[in-house]
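J.: I have a structure I would like to understand better, so I am pasting it below and will then ask my questions one at a time.
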Amino acid sequence: MINALTIDIEDWYHVCGVEHNIPAEKWDEYESRVVQNTEKILAILADKDIKATFFVLGYIANKFPHLVKEIDAQGHEIATHGFWHRLIYRQDKDAFSKDLKDSLVLLEDIIGKKILGHRAASFSIVKDTLWTLDILAEQGLRYDCSIFPTIHPRYGIADAPRFPYDAKPDLIEFPPSTIRLMGANFPIAGGFYFRFLPYFLIKTAIRRLNSQGQPAQIYVHPWEIDTQQPKLDIRFDRSFTHYFNISSVAGKLKALLGDFNFAPVKEVLRIG
Ligand SMILES: [Zn+2]
């Protein structure tokens, strides 16, 4: 069974839910650490000879096109994370459509290849923003990894399918992995959940998905392996989930790459 490994390429200050603290006009004032952190992830992947999908933010690609070229040259898939990391439910259709288009034009220009996949900032395709899927299909995307089948204050559709499905005739939705326990879906394999859960539970959960014939989808951010990053002065609850157990991520990622097979999303879904 081949699982999907996904990396969201954004900087340490791209924290969803606290945009008022860190508006986009101020981003250039912060020290950027995304290149060095992404290089560390690339080295971990190269060591295990594993390829992944990198959902790159347009803002980062515009600032560091050489980073996007390097990721592509190492055989990984480049996909889009939008341009400005805006929550979809805080935008109208036209604004989302433009943000997406800007990111696709830029990424396709940098690598000279068609972009097939999308992940929304903070999984913000929710029940009220399912129109996003029409715009993704219109702009030629073939898959999306944004609909989290769980309950969370900022994202999720609790009763959405847990495994890859046709969201539109030419658009597959591949949800981040969850495990079903006591009638509810629990996220297992990315962000806070990946940092919070002990490795043996993550491993057991992925084994269970694979034994059901389903690929897991893991997600990691470059700032999650950066134990030296500056700390943002944000609300306690966001600070807790954002920084909790960051020192565990590099080790867990290496263990995961040793225990399971991974490939880019487009290969797992056999697209393109
Ligand atoms: Zn993000």
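Identifiers for the structure tokens are assigned positionally: chains receive A, B, ... in sequence, residues are indexed from 1 per chain, and ligands are indexed from 1 in the order shown.
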Please run DSSP on the backbone and report, as a VMD selection string, all residues within region 79-221 of chain A that come out as strand (DSSP E or B).
T.: chain A and resid 79 to 80 117 to 118 143 to 144 165 to 168 171 to 173 178 to 181 184 to 187 190 217 to 220
J.: Throw together the list of residues within 8 Å of ligand 1, counting only C-alpha atoms and all ligand atoms, and drop it here as a PyMOL selection string.
T.: chain A and resi 8-10+14-16+57+81+85+120-122+221
J.: Please dump the current selection as a tab-separated table (two decimals), in the first residue's frame; keep N, CA and C atoms.
T.:
chain	number	residue	atom	x	y	z
A	8	ASP	N	3.08	21.30	3.35
A	8	ASP	CA	2.52	22.63	3.04
A	8	ASP	C	3.63	23.67	3.20
A	9	ILE	N	4.05	24.26	2.07
A	9	ILE	CA	5.19	25.17	2.11
A	9	ILE	C	4.74	26.59	2.42
A	10	GLU	N	4.90	26.95	3.67
A	10	GLU	CA	4.57	28.28	4.18
A	10	GLU	C	5.57	28.60	5.28
A	14	HIS	N	2.84	32.07	9.21
A	14	HIS	CA	1.55	31.86	8.53
A	14	HIS	C	0.64	31.01	9.40
A	15	VAL	N	0.17	31.60	10.48
A	15	VAL	CA	-0.64	30.87	11.45
A	15	VAL	C	-2.11	31.22	11.23
A	16	CYS	N	-2.90	30.21	10.88
A	16	CYS	CA	-4.32	30.48	10.64
A	16	CYS	C	-5.05	30.77	11.94
A	57	LEU	N	2.69	27.78	-1.17
A	57	LEU	CA	1.98	29.06	-1.13
A	57	LEU	C	2.55	29.98	-2.22
A	81	HIS	N	-1.10	25.85	-2.66
A	81	HIS	CA	-1.70	26.10	-1.35
A	81	HIS	C	-2.37	27.48	-1.38
A	85	HIS	N	-2.79	32.55	1.48
A	85	HIS	CA	-3.14	31.82	2.69
A	85	HIS	C	-4.40	32.38	3.36
A	120	ALA	N	-6.46	23.98	0.55
A	120	ALA	CA	-6.88	25.30	1.06
A	120	ALA	C	-6.14	25.62	2.35
A	121	ALA	N	-5.94	26.92	2.60
A	121	ALA	CA	-5.39	27.35	3.89
A	121	ALA	C	-6.27	26.80	5.00
A	122	SER	N	-5.65	26.16	5.96
A	122	SER	CA	-6.35	25.63	7.13
A	122	SER	C	-7.61	24.82	6.76
A	221	HIS	N	4.37	20.65	7.99
A	221	HIS	CA	4.77	22.01	7.58
A	221	HIS	C	6.26	22.20	7.89
J.: Could you pull the residues within 12 Å of region 238-248 of chain A, counting only C-alpha atoms, minus those fewer than 6 positions along the same chain, as an MDAnalysis selection string?
T.: chainID A and resid 12:19 21 153:154 190:199 220:232 254:255
J.: Mind giving me the straight-line distance from CA of Pro175 (chain A) to CA of Ser146 (chain A) in Å, one decimal?
T.: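 Computing it gives 6.4 Å between the two atoms.
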J.: From the list A:Ile50, A:Ile60, A:Val265, A:Leu87, which residue is nearest Leu253 (chain A) when using only C-alpha atoms?
T.: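 Ranked by minimum distance to Leu253 (chain A), first place goes to A:Ile50.
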J.: Expressed in Å to a single decimal, how great is the separation between CA of Asp47 (chain A) and CA of Gln74 (chain A)?
T.: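 Distance between the two atoms: 12.0 Å.
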J.: Which residue is closest to Thr80 (chain A)? Choose from A:Arg180, A:Lys48, A:Lys93, A:Lys114 and count only C-alpha atoms.
T.: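 The shortest atom-to-atom distance to Thr80 (chain A) comes from A:Lys114.
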J.: For Glu70 (chain A), which residue out of A:Ala160, A:Leu42, A:Ala24, A:Leu107 is the nearest one, using only C-alpha atoms?
T.: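 Going through A:Ala160, A:Leu42, A:Ala24, A:Leu107 one by one, the smallest distance to Glu70 (chain A) is for A:Leu42.
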J.: Would you return as an NGL selection string the members of region 102-232 of chain A that DSSP assigns to alpha helix (DSSP H) on this structure's backbone?
T.: :A and (102-111 or 132-138 or 191-196 or 199-211)
J.: Excluding Ala137 (chain A) and residues on its chain fewer than 6 positions from it, collect all residues at most 10 Å away from it, counting only C-alpha atoms, and give them as a list in words.
T.: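 Surrounding residues, per the criterion: Leu116, Tyr143, Asp144, Ala167, Lys168, Pro169, Asp170, Leu171 and Ile172 of chain A.
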J.: Please compute the CA of Pro187 (chain A)-CA of Gly156 (chain A) distance, one decimal, in Å.
T.: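 CA of Pro187 (chain A) sits 10.6 Å away from CA of Gly156 (chain A).
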J.: With distances taken over only C-alpha atoms, which of A:Lys63, A:Ile115, A:Asp92, A:Phe236 is nearest to Ser32 (chain A)?
T.: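 Ranked by minimum distance to Ser32 (chain A), first place goes to A:Lys63.
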J.: List the spatial neighbours of Met1 (chain A) as a VMD selection string - criterion: any atom at most 9 Å away, only C-alpha atoms, same-chain residues fewer than 5 positions off excluded.
T.: chain A and resid 210 to 211 213 to 215 260 to 262
J.: Calculated over only C-alpha atoms, which of the candidates A:Met182, A:Ala61, A:Ile71, A:Val126 has the smallest distance to Ile157 (chain A)?
T.: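 Smallest distance to Ile157 (chain A) is found for A:Val126.
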J.: Please determine, counting only C-alpha atoms, which residue among A:Ile218, A:Val35, A:Leu100, A:Ile234 has the shortest atom-to-atom distance to Pro65 (chain A).
T.: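 The answer is A:Val35, which sits nearest to Pro65 (chain A).
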